[in-house]
$ cat model-v3.txt   # compact mmCIF, C-alpha atoms
# COMPACT_ATOMS: atom_id res chain seq x y z
CA SER A 1 -191.71 -162.02 -79.00
CA PRO A 2 -193.76 -158.98 -80.12
CA ILE A 3 -194.72 -160.17 -83.62
CA VAL A 4 -194.76 -164.02 -83.57
CA GLY A 5 -193.96 -166.43 -80.76
CA ARG A 6 -193.55 -169.54 -82.94
CA LEU A 7 -193.70 -169.61 -86.75
CA VAL A 8 -194.46 -173.07 -88.20
CA GLY A 9 -193.99 -173.16 -91.94
CA GLY A 10 -195.24 -169.63 -92.57
CA LYS A 11 -193.71 -166.39 -93.75
CA VAL A 12 -193.13 -163.14 -91.87
CA ASP A 13 -192.26 -160.26 -94.19
CA ASN A 14 -191.88 -156.49 -93.79
CA CYS A 15 -192.67 -156.37 -90.07
CA SER A 16 -191.08 -154.03 -87.54
CA ASN A 17 -190.87 -153.83 -83.76
CA ALA A 18 -189.96 -150.89 -81.53
CA ALA A 19 -191.23 -152.32 -78.23
CA SER A 20 -188.92 -153.44 -75.44
CA VAL A 21 -188.74 -157.16 -74.68
CA ILE A 22 -187.96 -158.25 -71.11
CA SER A 23 -187.41 -161.83 -69.97
CA ALA A 24 -187.02 -161.91 -66.19
CA SER A 25 -187.45 -164.50 -63.46
CA THR A 26 -185.91 -165.56 -60.17
CA ILE A 27 -186.46 -169.32 -60.54
CA ALA A 28 -184.44 -171.51 -62.92
CA VAL A 29 -186.31 -173.96 -65.15
CA ASN A 30 -183.93 -176.89 -65.62
CA ASN A 31 -183.29 -178.20 -69.15
CA LYS A 32 -185.57 -175.55 -70.66
CA TYR A 33 -184.85 -172.45 -72.72
CA ALA A 34 -186.58 -169.11 -73.16
CA TYR A 35 -186.63 -167.51 -76.63
CA PRO A 36 -186.93 -163.70 -76.56
CA ALA A 37 -186.47 -161.82 -79.83
CA GLY A 38 -187.52 -158.63 -81.54
CA VAL A 39 -189.74 -160.23 -84.20
CA VAL A 40 -190.03 -164.06 -84.03
CA GLY A 41 -189.17 -166.35 -81.10
CA ILE A 42 -188.84 -169.69 -82.97
CA PHE A 43 -189.35 -170.53 -86.62
CA ASN A 44 -189.32 -173.98 -88.17
CA THR A 45 -190.78 -176.40 -90.76
CA ASP A 46 -189.82 -176.41 -94.44
CA GLY A 47 -190.34 -173.08 -96.15
CA ALA A 48 -190.54 -170.91 -93.03
CA SER A 49 -189.02 -167.50 -93.64
CA VAL A 50 -188.44 -164.17 -91.95
CA THR A 51 -187.57 -161.43 -94.45
CA ASN A 52 -187.36 -157.63 -94.64
CA CYS A 53 -188.04 -157.20 -90.92
CA SER A 54 -186.56 -154.76 -88.42
CA ASN A 55 -186.19 -154.32 -84.68
CA SER A 56 -185.28 -151.18 -82.73
CA GLY A 57 -186.54 -152.35 -79.34
CA ARG A 58 -184.27 -153.23 -76.42
CA ILE A 59 -184.13 -156.90 -75.38
CA THR A 60 -183.26 -157.52 -71.73
CA VAL A 61 -182.67 -160.90 -70.08
CA ASN A 62 -182.33 -161.19 -66.31
CA SER A 63 -182.89 -164.80 -65.30
CA PRO A 64 -181.26 -168.02 -64.08
CA THR A 65 -183.05 -169.87 -66.91
CA CYS A 66 -180.98 -170.36 -70.07
CA HIS A 67 -181.84 -168.22 -73.09
CA ILE A 68 -181.53 -168.20 -76.85
CA CYS A 69 -182.12 -164.62 -77.97
CA GLY A 70 -181.73 -162.50 -81.08
CA GLY A 71 -182.54 -159.06 -82.38
CA ILE A 72 -184.85 -160.51 -85.06
CA VAL A 73 -185.19 -164.27 -84.37
CA ALA A 74 -184.20 -166.27 -81.31
CA TYR A 75 -184.00 -169.80 -82.75
CA GLY A 76 -184.45 -171.46 -86.12
CA GLN A 77 -184.93 -175.23 -86.03
CA THR A 78 -186.90 -178.02 -87.67
CA ASN A 79 -188.89 -181.12 -86.85
CA SER A 80 -188.20 -182.96 -90.13
CA ASN A 81 -185.13 -183.76 -92.20
CA ALA A 82 -183.79 -181.34 -94.80
CA PRO A 83 -186.15 -178.37 -94.61
CA THR A 84 -185.18 -174.91 -95.75
CA LEU A 85 -185.35 -171.92 -93.42
CA LYS A 86 -184.72 -168.39 -94.65
CA LEU A 87 -183.68 -165.32 -92.62
CA GLU A 88 -182.83 -162.52 -95.01
CA ASN A 89 -182.72 -158.73 -95.46
CA CYS A 90 -183.41 -157.92 -91.81
CA THR A 91 -182.07 -155.07 -89.67
CA ASN A 92 -181.55 -154.69 -85.94
CA THR A 93 -180.69 -151.40 -84.23
CA GLY A 94 -181.88 -152.43 -80.76
CA ASP A 95 -179.60 -153.28 -77.84
CA ILE A 96 -179.49 -156.70 -76.20
CA VAL A 97 -178.51 -157.14 -72.52
CA LEU A 98 -177.96 -160.57 -70.99
CA GLU A 99 -177.59 -161.32 -67.29
CA HIS A 100 -177.74 -165.06 -66.61
CA THR A 101 -176.69 -166.76 -63.39
CA GLY A 102 -177.26 -170.42 -64.35
CA GLY A 103 -174.65 -172.89 -65.51
CA ASN A 104 -175.71 -174.01 -68.99
CA TRP A 105 -175.18 -172.53 -72.46
CA ASN A 106 -176.77 -169.27 -73.61
CA TYR A 107 -176.91 -168.18 -77.25
CA ILE A 108 -177.16 -164.58 -78.42
CA GLY A 109 -177.01 -162.77 -81.76
CA GLY A 110 -177.74 -159.33 -83.13
CA ILE A 111 -179.99 -160.98 -85.74
CA VAL A 112 -180.40 -164.62 -84.61
CA GLY A 113 -179.29 -166.53 -81.51
CA LYS A 114 -179.03 -170.06 -82.91
CA MET A 115 -179.84 -171.90 -86.13
CA GLY A 116 -179.97 -175.68 -86.48
CA ALA A 117 -180.38 -178.32 -83.81
CA SER A 118 -177.57 -179.87 -81.77
CA SER A 119 -178.77 -183.29 -82.98
CA ASN A 120 -180.88 -184.64 -85.84
CA PRO A 121 -182.93 -183.72 -87.84
CA PHE A 122 -180.90 -181.85 -90.43
CA THR A 123 -181.56 -178.20 -91.27
CA TYR A 124 -180.70 -176.21 -94.40
CA TYR A 125 -180.94 -172.45 -93.89
CA SER A 126 -179.74 -169.03 -94.95
CA VAL A 127 -178.81 -165.91 -92.99
CA LYS A 128 -178.23 -163.33 -95.71
CA ASN A 129 -177.99 -159.58 -96.22
CA CYS A 130 -178.79 -158.71 -92.60
CA LYS A 131 -177.42 -155.76 -90.64
CA SER A 132 -177.10 -155.06 -86.94
CA SER A 133 -175.79 -151.92 -85.26
CA GLY A 134 -177.09 -152.45 -81.72
CA THR A 135 -174.96 -153.08 -78.64
CA ILE A 136 -174.80 -156.60 -77.17
CA THR A 137 -173.89 -156.48 -73.47
CA VAL A 138 -173.19 -159.58 -71.40
CA THR A 139 -173.11 -158.67 -67.73
CA SER A 140 -173.24 -162.27 -66.52
CA ALA A 141 -173.31 -165.63 -68.32
CA PRO A 142 -170.97 -168.48 -67.33
CA LYS A 143 -171.26 -170.20 -70.73
CA ILE A 144 -172.20 -168.24 -73.85
CA ARG A 145 -171.97 -168.46 -77.63
CA GLY A 146 -172.70 -165.26 -79.49
CA GLY A 147 -172.22 -163.10 -82.56
CA GLY A 148 -172.95 -159.63 -83.82
CA ILE A 149 -175.22 -161.20 -86.45
CA PHE A 150 -175.40 -164.94 -85.73
CA GLY A 151 -174.80 -166.63 -82.37
CA SER A 152 -174.33 -170.38 -82.93
CA ALA A 153 -174.75 -173.05 -85.62
CA GLY A 154 -176.10 -176.48 -84.64
CA VAL A 155 -174.36 -179.69 -85.64
CA SER A 156 -177.02 -180.96 -88.05
CA SER A 157 -177.06 -178.03 -90.44
CA ALA A 158 -175.83 -176.53 -93.69
CA ALA A 159 -175.95 -172.78 -94.11
CA ASP A 160 -175.37 -169.86 -96.43
CA VAL A 161 -174.24 -166.96 -94.21
CA SER A 162 -173.48 -164.15 -96.63
CA GLY A 163 -173.69 -160.42 -97.19
CA ASN A 164 -174.20 -159.59 -93.52
CA GLU A 165 -172.78 -156.57 -91.67
CA PHE A 166 -172.25 -155.77 -87.98
CA THR A 167 -171.36 -152.21 -86.98
CA GLY A 168 -172.40 -152.28 -83.32
CA THR A 169 -170.56 -153.14 -80.11
CA ILE A 170 -170.15 -156.43 -78.26
CA ASP A 171 -169.30 -155.81 -74.61
CA VAL A 172 -168.53 -158.88 -72.49
CA LYS A 173 -168.24 -157.63 -68.91
CA ASP A 174 -168.33 -160.90 -66.94
CA ASN A 175 -164.85 -162.14 -65.98
CA GLN A 176 -166.11 -165.19 -64.05
CA ALA A 177 -167.42 -166.94 -67.18
CA VAL A 178 -166.33 -170.50 -67.92
CA ASP A 179 -166.55 -170.30 -71.72
CA ARG A 180 -167.20 -167.20 -73.83
CA LEU A 181 -167.21 -167.68 -77.60
CA PHE A 182 -167.95 -164.57 -79.68
CA ALA A 183 -167.63 -163.45 -83.29
CA GLY A 184 -168.21 -160.01 -84.73
CA VAL A 185 -170.42 -161.47 -87.46
CA GLY A 186 -170.75 -165.15 -86.56
CA PRO A 187 -171.53 -167.79 -85.88
CA GLY A 188 -169.61 -167.47 -82.65
CA PHE A 189 -169.53 -171.27 -82.45
CA THR A 190 -170.05 -173.91 -85.13
CA GLU A 191 -170.75 -177.42 -83.89
CA GLY A 192 -168.94 -180.39 -85.46
CA GLY A 193 -170.63 -181.59 -88.65
CA ALA A 194 -172.15 -178.23 -89.57
CA ASN A 195 -171.45 -176.98 -93.07
CA ILE A 196 -171.10 -173.18 -93.25
CA ASN A 197 -170.46 -171.06 -96.34
CA ALA A 198 -169.59 -167.57 -95.09
CA SER A 199 -169.04 -165.03 -97.86
CA GLY A 200 -169.09 -161.26 -98.24
CA ASN A 201 -169.66 -160.56 -94.55
CA VAL A 202 -168.40 -157.31 -93.02
CA PHE A 203 -167.36 -156.48 -89.46
CA GLY A 204 -167.11 -152.76 -88.77
CA GLY A 205 -167.93 -152.78 -85.08
CA THR A 206 -166.19 -153.13 -81.72
CA ILE A 207 -165.64 -156.09 -79.40
CA LYS A 208 -164.71 -155.48 -75.75
CA ALA A 209 -164.15 -158.18 -73.13
CA VAL A 210 -162.56 -158.53 -69.71
CA ASP A 211 -160.08 -161.32 -69.09
CA GLY A 212 -161.09 -164.47 -67.21
CA GLY A 213 -162.21 -168.00 -68.00
CA ASN A 214 -161.92 -169.29 -71.57
CA LEU A 215 -162.38 -166.37 -73.93
CA TYR A 216 -162.47 -166.81 -77.72
CA ILE A 217 -163.10 -163.75 -79.92
CA SER A 218 -162.84 -163.05 -83.63
CA ALA A 219 -164.17 -160.52 -86.13
CA ILE A 220 -165.90 -162.82 -88.65
CA LEU A 221 -166.23 -166.47 -87.56
CA GLY A 222 -165.70 -167.77 -84.03
CA VAL A 223 -164.69 -171.20 -82.76
CA SER A 224 -165.45 -174.05 -85.15
CA ALA A 225 -165.62 -177.75 -84.32
CA SER A 226 -166.39 -178.45 -87.98
CA THR A 227 -164.00 -178.88 -90.91
CA ALA A 228 -166.75 -178.02 -93.44
CA ILE A 229 -166.28 -174.22 -93.31
CA VAL A 230 -165.69 -171.91 -96.28
CA ILE A 231 -164.89 -168.20 -95.70
CA ASP A 232 -164.66 -166.01 -98.79
CA GLY A 233 -164.59 -162.27 -99.44
CA CYS A 234 -165.19 -161.17 -95.84
CA LYS A 235 -163.90 -157.84 -94.55
CA THR A 236 -163.00 -156.14 -91.27
$ encode --input "model-v3.txt" --output "structure tokens"
Amino acid sequence: SPIVGRLVGGKVDNCSNAASVISASTIAVNNKYAYPAGVVGIFNTDGASVTNCSNSGRITVNSPTCHICGGIVAYGQTNSNAPTLKLENCTNTGDIVLEHTGGNWNYIGGIVGKMGASSNPFTYYSVKNCKSSGTITVTSAPKIRGGGIFGSAGVSSAADVSGNEFTGTIDVKDNQAVDRLFAGVGPGFTEGGANINASGNVFGGTIKAVDGGNLYISAILGVSASTAIVIDGCKT
């Protein structure tokens, strides 16, 4: 990523990117992910934060390797129990294009691709007061979880997802996909056990998708495998 590849316990504030980000390869790397983003690839460890940042650069993925990608941050995770990660007051106007020919999950978000691990340790985090107006285009991806703001929430997590707004376009062109889970704001998928408080989020964009496979689309919150979800004061 143009600003920081991996942020471990630090703070990134008031940074901007206008450069294009391209992740391309012809060889799949099994059981590995790539993390392209406009500002920070991965951030973790208690107290890590990304605030007041912006991206206007285009992010393009063309690879058989699985990806977690976001307009600001690709992936927020932790290596210890109960840290706090903060992603707040960020803006994305750049487009994201995903073409993936492999068979595993991809995660994509206008602000962040995925927050929280799919197993322990536990992660507390916030995604607040962020805006995205870019276009997210999926030309090929058999299995994908995505959102206009926030792509996917890991099982071992508790989150405050509030005050966010998506006014861009999500365009899912691939009709051969196995599972496509998208939300206008997000997360597009919430794993079982995750605790999400979603309040004051606004969807004012467009979602387009072709029929085929399992397709799940909503304006605010996508598919949830968790019963610990609160949605309050959201608008479309």
$ closest_residue --input "model-v3.txt" --among "A:Asn92, A:Ser16, A:Lys131, A:Gly10" --to "Gly47 (chain A)" --atoms "all atoms listed in the file"
A:Gly10
$ closest_residue --input "model-v3.txt" --among "A:Thr91, A:Ser63, A:Asn214, A:Thr167" --to "Lys143 (chain A)" --atoms "all atoms listed in the file"
A:Asn214
$ closest_atom_pairs --input "model-v3.txt" --of "region 43-147 of chain A" --to "region 180-201 of chain A" --cutoff "7 Å" --atoms "all atoms listed in the file" --output "Markdown table"
| residue | atom | partner | partner_atom | distance |
| --- | --- | --- | --- | --- |
| A:Lys143 | CA | A:Arg180 | CA | 5.9 |
| A:Ile144 | CA | A:Arg180 | CA | 5.1 |
| A:Arg145 | CA | A:Leu181 | CA | 4.8 |
| A:Gly146 | CA | A:Phe182 | CA | 4.8 |
| A:Gly147 | CA | A:Ala183 | CA | 4.7 |
$ write_last_selection --input "model-v3.txt" --atoms "C-alpha atoms" --output "tab-separated table (two decimals), in the frame of the given file"
chain	number	residue	atom	x	y	z
A	143	LYS	CA	-171.26	-170.20	-70.73
A	144	ILE	CA	-172.20	-168.24	-73.85
A	145	ARG	CA	-171.97	-168.46	-77.63
A	146	GLY	CA	-172.70	-165.26	-79.49
A	147	GLY	CA	-172.22	-163.10	-82.56
$ residues_around --input "model-v3.txt" --residues "Val4 (chain A)" --least-positions-apart "2" --cutoff "12 Å" --atoms "all atoms listed in the file" --output "PDB file with C-alpha atoms, in the coordinates of the input"
ATOM      1  CA  SER A   1    -191.710-162.020 -79.000  1.00  0.00           C
ATOM      2  CA  PRO A   2    -193.760-158.980 -80.120  1.00  0.00           C
ATOM      3  CA  ARG A   6    -193.550-169.540 -82.940  1.00  0.00           C
ATOM      4  CA  LEU A   7    -193.700-169.610 -86.750  1.00  0.00           C
ATOM      5  CA  VAL A   8    -194.460-173.070 -88.200  1.00  0.00           C
ATOM      6  CA  GLY A  10    -195.240-169.630 -92.570  1.00  0.00           C
ATOM      7  CA  LYS A  11    -193.710-166.390 -93.750  1.00  0.00           C
ATOM      8  CA  VAL A  12    -193.130-163.140 -91.870  1.00  0.00           C
ATOM      9  CA  ASP A  13    -192.260-160.260 -94.190  1.00  0.00           C
ATOM     10  CA  CYS A  15    -192.670-156.370 -90.070  1.00  0.00           C
ATOM     11  CA  SER A  16    -191.080-154.030 -87.540  1.00  0.00           C
ATOM     12  CA  ASN A  17    -190.870-153.830 -83.760  1.00  0.00           C
ATOM     13  CA  TYR A  35    -186.630-167.510 -76.630  1.00  0.00           C
ATOM     14  CA  PRO A  36    -186.930-163.700 -76.560  1.00  0.00           C
ATOM     15  CA  ALA A  37    -186.470-161.820 -79.830  1.00  0.00           C
ATOM     16  CA  GLY A  38    -187.520-158.630 -81.540  1.00  0.00           C
ATOM     17  CA  VAL A  39    -189.740-160.230 -84.200  1.00  0.00           C
ATOM     18  CA  VAL A  40    -190.030-164.060 -84.030  1.00  0.00           C
ATOM     19  CA  GLY A  41    -189.170-166.350 -81.100  1.00  0.00           C
ATOM     20  CA  ILE A  42    -188.840-169.690 -82.970  1.00  0.00           C
ATOM     21  CA  PHE A  43    -189.350-170.530 -86.620  1.00  0.00           C
ATOM     22  CA  VAL A  50    -188.440-164.170 -91.950  1.00  0.00           C
ATOM     23  CA  ILE A  72    -184.850-160.510 -85.060  1.00  0.00           C
ATOM     24  CA  VAL A  73    -185.190-164.270 -84.370  1.00  0.00           C
ATOM     25  CA  ALA A  74    -184.200-166.270 -81.310  1.00  0.00           C
TER      26      ALA A  74
END
$ closest_residue --input "model-v3.txt" --among "A:Ala18, A:Ala117, A:Ala225, A:Val112" --to "Phe150 (chain A)" --atoms "all atoms listed in the file"
A:Val112
$ atom_distance --input "model-v3.txt" --atom1 "CA of Ala228 (chain A)" --atom2 "CA of Gly71 (chain A)"
27.0 Å
$ closest_residue --input "model-v3.txt" --among "A:Val161, A:Cys69, A:Cys130, A:Ile3" --to "Val230 (chain A)" --atoms "all atoms listed in the file"
A:Val161
$ atom_distance --input "model-v3.txt" --atom1 "CA of Gly116 (chain A)" --atom2 "CA of Asp174 (chain A)"
27.1 Å
$ atom_distance --input "model-v3.txt" --atom1 "CA of Ser49 (chain A)" --atom2 "CA of Ala158 (chain A)"
16.0 Å
$ residues_around --input "model-v3.txt" --residues "region 134-139 of chain A" --least-positions-apart "4" --cutoff "7 Å" --atoms "all atoms listed in the file" --output "list of chain:residue names"
A:Asn92, A:Thr93, A:Gly94, A:Asp95, A:Ile96, A:Val97, A:Leu98, A:Glu99, A:Gly168, A:Thr169, A:Ile170, A:Asp171, A:Val172, A:Lys173, A:Asp174
$ closest_residue --input "model-v3.txt" --among "A:Leu85, A:Ile68, A:Ile22, A:Leu221" --to "Thr45 (chain A)" --atoms "all atoms listed in the file"
A:Leu85
$ closest_residue --input "model-v3.txt" --among "A:Phe203, A:Tyr33, A:Tyr216, A:Trp105" --to "Tyr75 (chain A)" --atoms "all atoms listed in the file"
A:Tyr33
$ axis_aligned_box --input "model-v3.txt" --around "region 138-145 of chain A" --padding-each-side "5 Å" --output "AutoDock Vina command-line options"
--center_x -172.1 --center_y -164.4 --center_z -72.1 --size_x 12.3 --size_y 21.5 --size_z 21.1
